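Following: one structure in structure tokens, then a few remarks.
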Amino acid sequence: MTKYNVHDHRVITTHRILNRDLNEHQTLFGGRLLEIVDAEPSIIASHLSLKKVATVGMEDIHFYHPFQLHDALKMTAYLTGLGNRSAEVFVKVTGQSLQTGEQFLGYTGFNTYVVVDKDFTFPEFELVGANDEENYLISTYHERLAKRKLNQVANQTLKDHITLD
């Protein structure tokens, strides 16, 4: 089994909040933030598999603090679990006022990406974190996976009752 340091494929990006990113409350439009936290972290699953991946879930999404004009946001994403064809990626977005220097936690969530090629399987890895946050999230992956599997059943039941009318 290969040891995999989550820092090896960490994705970090920084964005400046501009007028075009704002909603009617003059804060970052949530849909814009979700676009950022979906697209860029998918690079991790793509890099590990060297295959096409698709987002199958974004869970435990929490918006903690609004981003405003003249804030910078830093999105940090890293691997927290691997399934046969799936990769769970933790996404954290912190902010900083570019006028006062104040820093804040703005968002956290978990994204699940699946390799589209059904014949693909990730090799077995032991994930290794470098700090308490990473080690905690890696150690609680199987709890989130079990919860995700229960939610899949409930989601299928819901889908069975939804019409196209």
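Labeling convention for the structure tokens: chains A, B, ... as they appear, residues from 1 per chain, ligands from 1 in order of appearance.
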
Set the distance at 9 Å and use only C-alpha atoms: which residues neighbour range 137-146 of chain A once local chain neighbours fewer than 5 positions away are removed? I'd like the list as a PDB file with N, CA, C and O atoms, in the first residue's frame.
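Saved file selection12.pdb follows:
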```pdb
ATOM      1  N   LEU A  79      -7.384  15.951  -0.621  1.00  0.00           N
ATOM      2  CA  LEU A  79      -7.997  14.632  -0.574  1.00  0.00           C
ATOM      3  C   LEU A  79      -8.190  14.190   0.866  1.00  0.00           C
ATOM      4  O   LEU A  79      -7.284  14.315   1.686  1.00  0.00           O
ATOM      5  N   THR A  80      -9.392  13.642   1.166  1.00  0.00           N
ATOM      6  CA  THR A  80      -9.645  13.112   2.505  1.00  0.00           C
ATOM      7  C   THR A  80     -10.100  11.656   2.470  1.00  0.00           C
ATOM      8  O   THR A  80     -10.240  11.039   3.529  1.00  0.00           O
ATOM      9  N   GLY A  81     -10.345  11.111   1.280  1.00  0.00           N
ATOM     10  CA  GLY A  81     -10.730   9.709   1.197  1.00  0.00           C
ATOM     11  C   GLY A  81     -10.797   9.231  -0.237  1.00  0.00           C
ATOM     12  O   GLY A  81     -11.071  10.013  -1.142  1.00  0.00           O
ATOM     13  N   LEU A  82     -10.532   7.950  -0.419  1.00  0.00           N
ATOM     14  CA  LEU A  82     -10.606   7.321  -1.740  1.00  0.00           C
ATOM     15  C   LEU A  82     -11.471   6.076  -1.674  1.00  0.00           C
ATOM     16  O   LEU A  82     -11.332   5.266  -0.761  1.00  0.00           O
ATOM     17  N   GLU A  88     -12.986  11.720  -2.311  1.00  0.00           N
ATOM     18  CA  GLU A  88     -13.592  12.768  -1.491  1.00  0.00           C
ATOM     19  C   GLU A  88     -12.543  13.853  -1.267  1.00  0.00           C
ATOM     20  O   GLU A  88     -11.417  13.567  -0.882  1.00  0.00           O
ATOM     21  N   PHE A  90     -11.935  17.626   0.592  1.00  0.00           N
ATOM     22  CA  PHE A  90     -12.376  18.675   1.514  1.00  0.00           C
ATOM     23  C   PHE A  90     -12.015  20.026   0.922  1.00  0.00           C
ATOM     24  O   PHE A  90     -10.913  20.207   0.389  1.00  0.00           O
ATOM     25  N   LEU A 127      -3.697   7.509   3.360  1.00  0.00           N
ATOM     26  CA  LEU A 127      -3.593   8.967   3.339  1.00  0.00           C
ATOM     27  C   LEU A 127      -2.916   9.450   4.609  1.00  0.00           C
ATOM     28  O   LEU A 127      -3.212   8.985   5.705  1.00  0.00           O
ATOM     29  N   VAL A 128      -2.011  10.407   4.438  1.00  0.00           N
ATOM     30  CA  VAL A 128      -1.254  10.956   5.559  1.00  0.00           C
ATOM     31  C   VAL A 128      -1.420  12.467   5.551  1.00  0.00           C
ATOM     32  O   VAL A 128      -1.137  13.124   4.552  1.00  0.00           O
ATOM     33  N   GLY A 129      -1.890  13.001   6.668  1.00  0.00           N
ATOM     34  CA  GLY A 129      -2.026  14.440   6.816  1.00  0.00           C
ATOM     35  C   GLY A 129      -0.820  15.033   7.509  1.00  0.00           C
ATOM     36  O   GLY A 129      -0.017  14.314   8.113  1.00  0.00           O
ATOM     37  N   ASP A 132      -3.423  18.602  12.450  1.00  0.00           N
ATOM     38  CA  ASP A 132      -4.605  18.072  13.126  1.00  0.00           C
ATOM     39  C   ASP A 132      -5.840  18.105  12.230  1.00  0.00           C
ATOM     40  O   ASP A 132      -6.606  17.141  12.191  1.00  0.00           O
ATOM     41  N   ASN A 151     -27.809   8.308   2.591  1.00  0.00           N
ATOM     42  CA  ASN A 151     -28.466   9.396   1.864  1.00  0.00           C
ATOM     43  C   ASN A 151     -28.784   8.987   0.428  1.00  0.00           C
ATOM     44  O   ASN A 151     -29.771   9.452  -0.140  1.00  0.00           O
TER      45      ASN A 151
END
```

From the DSSP assignment of the backbone, select every residue of range 5-154 of chain A that is strand (DSSP E), and format the answer as a tab-separated table (two decimals) with N, CA and C atoms, in the first residue's frame.
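Everything below was put into result_9.tsv:
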```tsv
chain	number	residue	atom	x	y	z
A	5	ASN	N	0.68	11.54	0.85
A	5	ASN	CA	0.62	12.77	1.63
A	5	ASN	C	-0.36	13.71	0.94
A	11	VAL	N	-4.79	21.68	-3.82
A	11	VAL	CA	-5.10	22.76	-4.75
A	11	VAL	C	-5.39	24.00	-3.92
A	12	ILE	N	-4.68	25.08	-4.23
A	12	ILE	CA	-4.90	26.37	-3.56
A	12	ILE	C	-5.04	27.43	-4.63
A	13	THR	N	-6.13	28.17	-4.57
A	13	THR	CA	-6.33	29.28	-5.50
A	13	THR	C	-6.79	30.50	-4.71
A	14	THR	N	-6.51	31.66	-5.25
A	14	THR	CA	-6.91	32.91	-4.64
A	14	THR	C	-7.70	33.71	-5.65
A	15	HIS	N	-8.78	34.33	-5.18
A	15	HIS	CA	-9.64	35.13	-6.04
A	15	HIS	C	-9.94	36.46	-5.37
A	16	ARG	N	-9.97	37.50	-6.13
A	16	ARG	CA	-10.40	38.80	-5.64
A	16	ARG	C	-11.88	38.96	-5.95
A	53	VAL	N	-13.31	12.88	-14.74
A	53	VAL	CA	-14.09	12.73	-13.52
A	53	VAL	C	-15.34	13.59	-13.59
A	54	ALA	N	-16.32	13.23	-12.78
A	54	ALA	CA	-17.56	14.00	-12.69
A	54	ALA	C	-17.89	14.21	-11.22
A	55	THR	N	-18.49	15.33	-10.92
A	55	THR	CA	-18.95	15.60	-9.56
A	55	THR	C	-20.20	14.78	-9.31
A	56	VAL	N	-20.22	14.02	-8.21
A	56	VAL	CA	-21.43	13.27	-7.86
A	56	VAL	C	-22.06	13.79	-6.57
A	57	GLY	N	-21.35	14.64	-5.86
A	57	GLY	CA	-21.95	15.19	-4.65
A	57	GLY	C	-21.13	16.32	-4.06
A	58	MET	N	-21.85	17.23	-3.45
A	58	MET	CA	-21.26	18.30	-2.63
A	58	MET	C	-22.06	18.26	-1.33
A	59	GLU	N	-21.41	17.88	-0.25
A	59	GLU	CA	-22.11	17.66	1.01
A	59	GLU	C	-21.51	18.47	2.14
A	60	ASP	N	-22.30	18.54	3.20
A	60	ASP	CA	-21.89	19.27	4.40
A	60	ASP	C	-21.39	20.66	4.05
A	61	ILE	N	-22.14	21.32	3.19
A	61	ILE	CA	-21.80	22.67	2.75
A	61	ILE	C	-22.19	23.67	3.83
A	62	HIS	N	-21.24	24.49	4.21
A	62	HIS	CA	-21.50	25.51	5.24
A	62	HIS	C	-20.93	26.85	4.78
A	63	PHE	N	-21.80	27.85	4.76
A	63	PHE	CA	-21.40	29.22	4.50
A	63	PHE	C	-21.30	29.91	5.86
A	71	ASP	N	-12.71	41.93	-0.80
A	71	ASP	CA	-12.17	40.80	-0.06
A	71	ASP	C	-11.42	39.91	-1.04
A	72	ALA	N	-10.48	39.16	-0.52
A	72	ALA	CA	-9.84	38.10	-1.29
A	72	ALA	C	-10.27	36.79	-0.66
A	73	LEU	N	-10.51	35.79	-1.49
A	73	LEU	CA	-10.82	34.48	-0.94
A	73	LEU	C	-9.72	33.52	-1.36
A	74	LYS	N	-9.40	32.62	-0.44
A	74	LYS	CA	-8.41	31.58	-0.71
A	74	LYS	C	-9.11	30.24	-0.55
A	75	MET	N	-9.17	29.48	-1.64
A	75	MET	CA	-9.77	28.17	-1.64
A	75	MET	C	-8.65	27.14	-1.51
A	76	THR	N	-8.76	26.30	-0.48
A	76	THR	CA	-7.80	25.23	-0.26
A	76	THR	C	-8.56	23.91	-0.32
A	77	ALA	N	-8.08	22.96	-1.13
A	77	ALA	CA	-8.74	21.67	-1.26
A	77	ALA	C	-7.70	20.57	-1.17
A	78	TYR	N	-8.08	19.48	-0.50
A	78	TYR	CA	-7.19	18.33	-0.43
A	78	TYR	C	-8.00	17.05	-0.24
A	79	LEU	N	-7.38	15.95	-0.62
A	79	LEU	CA	-8.00	14.63	-0.57
A	79	LEU	C	-8.19	14.19	0.87
A	80	THR	N	-9.39	13.64	1.17
A	80	THR	CA	-9.65	13.11	2.50
A	80	THR	C	-10.10	11.66	2.47
A	81	GLY	N	-10.35	11.11	1.28
A	81	GLY	CA	-10.73	9.71	1.20
A	81	GLY	C	-10.80	9.23	-0.24
A	82	LEU	N	-10.53	7.95	-0.42
A	82	LEU	CA	-10.61	7.32	-1.74
A	82	LEU	C	-11.47	6.08	-1.67
A	86	SER	N	-14.07	6.66	-6.60
A	86	SER	CA	-14.43	7.98	-6.10
A	86	SER	C	-13.33	8.57	-5.24
A	87	ALA	N	-13.32	9.90	-5.22
A	87	ALA	CA	-12.38	10.64	-4.39
A	87	ALA	C	-13.15	11.70	-3.63
A	88	GLU	N	-12.99	11.72	-2.31
A	88	GLU	CA	-13.59	12.77	-1.49
A	88	GLU	C	-12.54	13.85	-1.27
A	89	VAL	N	-12.96	15.09	-1.51
A	89	VAL	CA	-12.06	16.23	-1.38
A	89	VAL	C	-12.68	17.23	-0.41
A	90	PHE	N	-11.93	17.63	0.59
A	90	PHE	CA	-12.38	18.68	1.51
A	90	PHE	C	-12.02	20.03	0.92
A	91	VAL	N	-12.95	20.95	1.01
A	91	VAL	CA	-12.74	22.30	0.47
A	91	VAL	C	-12.97	23.30	1.59
A	92	LYS	N	-11.99	24.16	1.78
A	92	LYS	CA	-12.07	25.23	2.78
A	92	LYS	C	-11.81	26.55	2.07
A	93	VAL	N	-12.64	27.54	2.36
A	93	VAL	CA	-12.45	28.86	1.77
A	93	VAL	C	-12.32	29.87	2.90
A	94	THR	N	-11.18	30.51	2.94
A	94	THR	CA	-10.96	31.58	3.91
A	94	THR	C	-10.95	32.91	3.18
A	95	GLY	N	-11.19	33.95	3.92
A	95	GLY	CA	-11.22	35.27	3.32
A	95	GLY	C	-10.34	36.24	4.07
A	96	GLN	N	-10.05	37.33	3.38
A	96	GLN	CA	-9.30	38.41	4.00
A	96	GLN	C	-9.78	39.72	3.40
A	97	SER	N	-10.08	40.67	4.28
A	97	SER	CA	-10.41	42.00	3.80
A	97	SER	C	-9.13	42.64	3.29
A	103	GLN	N	-8.98	38.43	8.72
A	103	GLN	CA	-9.14	37.12	8.10
A	103	GLN	C	-10.32	36.40	8.71
A	104	PHE	N	-10.97	35.53	7.93
A	104	PHE	CA	-12.14	34.82	8.42
A	104	PHE	C	-12.33	33.52	7.64
A	105	LEU	N	-13.06	32.59	8.26
A	105	LEU	CA	-13.46	31.36	7.60
A	105	LEU	C	-14.79	31.63	6.91
A	106	GLY	N	-14.87	31.39	5.61
A	106	GLY	CA	-16.07	31.68	4.86
A	106	GLY	C	-16.89	30.47	4.48
A	107	TYR	N	-16.25	29.31	4.27
A	107	TYR	CA	-16.96	28.16	3.70
A	107	TYR	C	-16.18	26.88	3.97
A	108	THR	N	-16.92	25.79	4.17
A	108	THR	CA	-16.33	24.45	4.14
A	108	THR	C	-17.33	23.50	3.49
A	109	GLY	N	-16.81	22.43	2.93
A	109	GLY	CA	-17.66	21.41	2.33
A	109	GLY	C	-16.83	20.24	1.84
A	110	PHE	N	-17.52	19.15	1.50
A	110	PHE	CA	-16.88	17.97	0.95
A	110	PHE	C	-17.45	17.70	-0.43
A	111	ASN	N	-16.57	17.51	-1.39
A	111	ASN	CA	-16.97	17.18	-2.76
A	111	ASN	C	-16.58	15.73	-3.03
A	112	THR	N	-17.46	15.03	-3.75
A	112	THR	CA	-17.14	13.68	-4.18
A	112	THR	C	-17.11	13.66	-5.71
A	113	TYR	N	-15.99	13.21	-6.23
A	113	TYR	CA	-15.79	13.07	-7.67
A	113	TYR	C	-15.67	11.59	-7.98
A	114	VAL	N	-16.22	11.19	-9.12
A	114	VAL	CA	-16.12	9.79	-9.53
A	114	VAL	C	-15.45	9.73	-10.90
A	115	VAL	N	-14.61	8.74	-11.08
A	115	VAL	CA	-13.97	8.52	-12.38
A	115	VAL	C	-15.04	7.94	-13.30
A	125	PHE	N	-4.34	3.37	-1.12
A	125	PHE	CA	-3.46	4.38	-0.57
A	125	PHE	C	-3.72	4.50	0.92
A	126	GLU	N	-2.70	4.82	1.65
A	126	GLU	CA	-2.85	5.27	3.02
A	126	GLU	C	-2.66	6.78	2.98
A	127	LEU	N	-3.70	7.51	3.36
A	127	LEU	CA	-3.59	8.97	3.34
A	127	LEU	C	-2.92	9.45	4.61
A	128	VAL	N	-2.01	10.41	4.44
A	128	VAL	CA	-1.25	10.96	5.56
A	128	VAL	C	-1.42	12.47	5.55
```

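If you measure from each of A:Leu18, A:Phe122, A:Ala154, A:Met1 to Gln68 in chain A using only C-alpha atoms, the closest one turns out to be A:Leu18.
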
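Of the residues listed (A:Arg32, A:Ala39, A:Leu22, A:Ala45), A:Ala45 shows the shortest atom-to-atom separation from Arg10 in chain A; distances use only C-alpha atoms.
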
Long-range neighbours of Thr27 in chain A as a VMD selection string, 8 Å cut-off, only C-alpha atoms, 2 positions minimum in chain
chain A and resid 21 to 25 29 66 to 69

Let's have the selection written as a compact mmCIF listing (two decimals), in the first residue's frame, with all heavy atoms.
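Written out: out_11.txt:
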```txt
# COMPACT_ATOMS: atom_id res chain seq x y z
N ASP A 21 -19.18 39.61 -9.19
CA ASP A 21 -19.38 38.45 -8.33
C ASP A 21 -20.46 38.66 -7.27
O ASP A 21 -20.82 37.71 -6.57
CB ASP A 21 -18.07 38.11 -7.59
CG ASP A 21 -16.94 37.75 -8.53
OD1 ASP A 21 -17.20 37.05 -9.52
OD2 ASP A 21 -15.80 38.17 -8.25
N LEU A 22 -20.98 39.88 -7.16
CA LEU A 22 -21.87 40.23 -6.05
C LEU A 22 -23.33 39.94 -6.35
O LEU A 22 -23.78 40.01 -7.49
CB LEU A 22 -21.70 41.71 -5.70
CG LEU A 22 -20.30 42.16 -5.31
CD1 LEU A 22 -20.29 43.65 -5.00
CD2 LEU A 22 -19.75 41.37 -4.13
N ASN A 23 -24.08 39.66 -5.28
CA ASN A 23 -25.53 39.50 -5.38
C ASN A 23 -26.21 40.81 -4.95
O ASN A 23 -25.54 41.83 -4.75
CB ASN A 23 -26.00 38.31 -4.53
CG ASN A 23 -25.65 38.49 -3.05
OD1 ASN A 23 -25.50 39.59 -2.54
ND2 ASN A 23 -25.54 37.36 -2.36
N GLU A 24 -27.52 40.76 -4.78
CA GLU A 24 -28.26 41.98 -4.42
C GLU A 24 -27.96 42.47 -3.01
O GLU A 24 -28.30 43.59 -2.66
CB GLU A 24 -29.78 41.76 -4.60
CG GLU A 24 -30.40 40.80 -3.60
CD GLU A 24 -30.32 39.32 -4.00
OE1 GLU A 24 -29.56 38.95 -4.91
OE2 GLU A 24 -31.05 38.53 -3.38
N HIS A 25 -27.30 41.66 -2.19
CA HIS A 25 -26.90 42.06 -0.83
C HIS A 25 -25.49 42.64 -0.80
O HIS A 25 -24.96 42.92 0.26
CB HIS A 25 -26.98 40.86 0.12
CG HIS A 25 -28.30 40.17 0.09
ND1 HIS A 25 -29.45 40.73 0.59
CD2 HIS A 25 -28.66 38.95 -0.40
CE1 HIS A 25 -30.47 39.90 0.41
NE2 HIS A 25 -30.01 38.81 -0.18
N PHE A 29 -22.06 36.17 -4.51
CA PHE A 29 -23.17 35.29 -4.88
C PHE A 29 -22.78 33.85 -4.57
O PHE A 29 -21.71 33.38 -4.98
CB PHE A 29 -23.48 35.48 -6.37
CG PHE A 29 -24.55 34.59 -6.91
CD1 PHE A 29 -25.81 34.55 -6.34
CD2 PHE A 29 -24.29 33.78 -7.99
CE1 PHE A 29 -26.80 33.72 -6.84
CE2 PHE A 29 -25.27 32.94 -8.52
CZ PHE A 29 -26.53 32.91 -7.93
N PRO A 66 -19.91 36.01 5.04
CA PRO A 66 -20.02 36.51 3.66
C PRO A 66 -18.72 37.17 3.18
O PRO A 66 -17.98 37.76 3.96
CB PRO A 66 -21.16 37.53 3.75
CG PRO A 66 -21.16 37.98 5.17
CD PRO A 66 -20.70 36.80 5.98
N PHE A 67 -18.51 37.05 1.90
CA PHE A 67 -17.40 37.74 1.23
C PHE A 67 -17.96 39.01 0.61
O PHE A 67 -19.04 39.00 0.03
CB PHE A 67 -16.79 36.86 0.14
CG PHE A 67 -16.09 35.66 0.67
CD1 PHE A 67 -16.78 34.48 0.92
CD2 PHE A 67 -14.72 35.69 0.93
CE1 PHE A 67 -16.14 33.36 1.41
CE2 PHE A 67 -14.07 34.57 1.42
CZ PHE A 67 -14.78 33.41 1.66
N GLN A 68 -17.22 40.09 0.72
CA GLN A 68 -17.67 41.37 0.20
C GLN A 68 -16.68 41.91 -0.83
O GLN A 68 -15.57 41.39 -0.98
CB GLN A 68 -17.83 42.37 1.35
CG GLN A 68 -18.84 41.89 2.37
CD GLN A 68 -18.97 42.82 3.56
OE1 GLN A 68 -18.12 43.65 3.82
NE2 GLN A 68 -20.06 42.67 4.29
N LEU A 69 -17.12 42.94 -1.52
CA LEU A 69 -16.24 43.61 -2.47
C LEU A 69 -14.96 44.01 -1.75
O LEU A 69 -15.00 44.45 -0.60
CB LEU A 69 -16.95 44.85 -3.03
CG LEU A 69 -16.24 45.57 -4.18
CD1 LEU A 69 -16.13 44.68 -5.41
CD2 LEU A 69 -17.01 46.85 -4.53
```

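The interatomic distance for the pair CA of Lys51 in chain A and CA of Val116 in chain A works out to 7.5 Å.
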
Hey, what does DSSP flag as alpha helix (DSSP H) within chain A? Can you give it to me as a ChimeraX atom specification?
/A:30-39,42-49,132-139,141-160
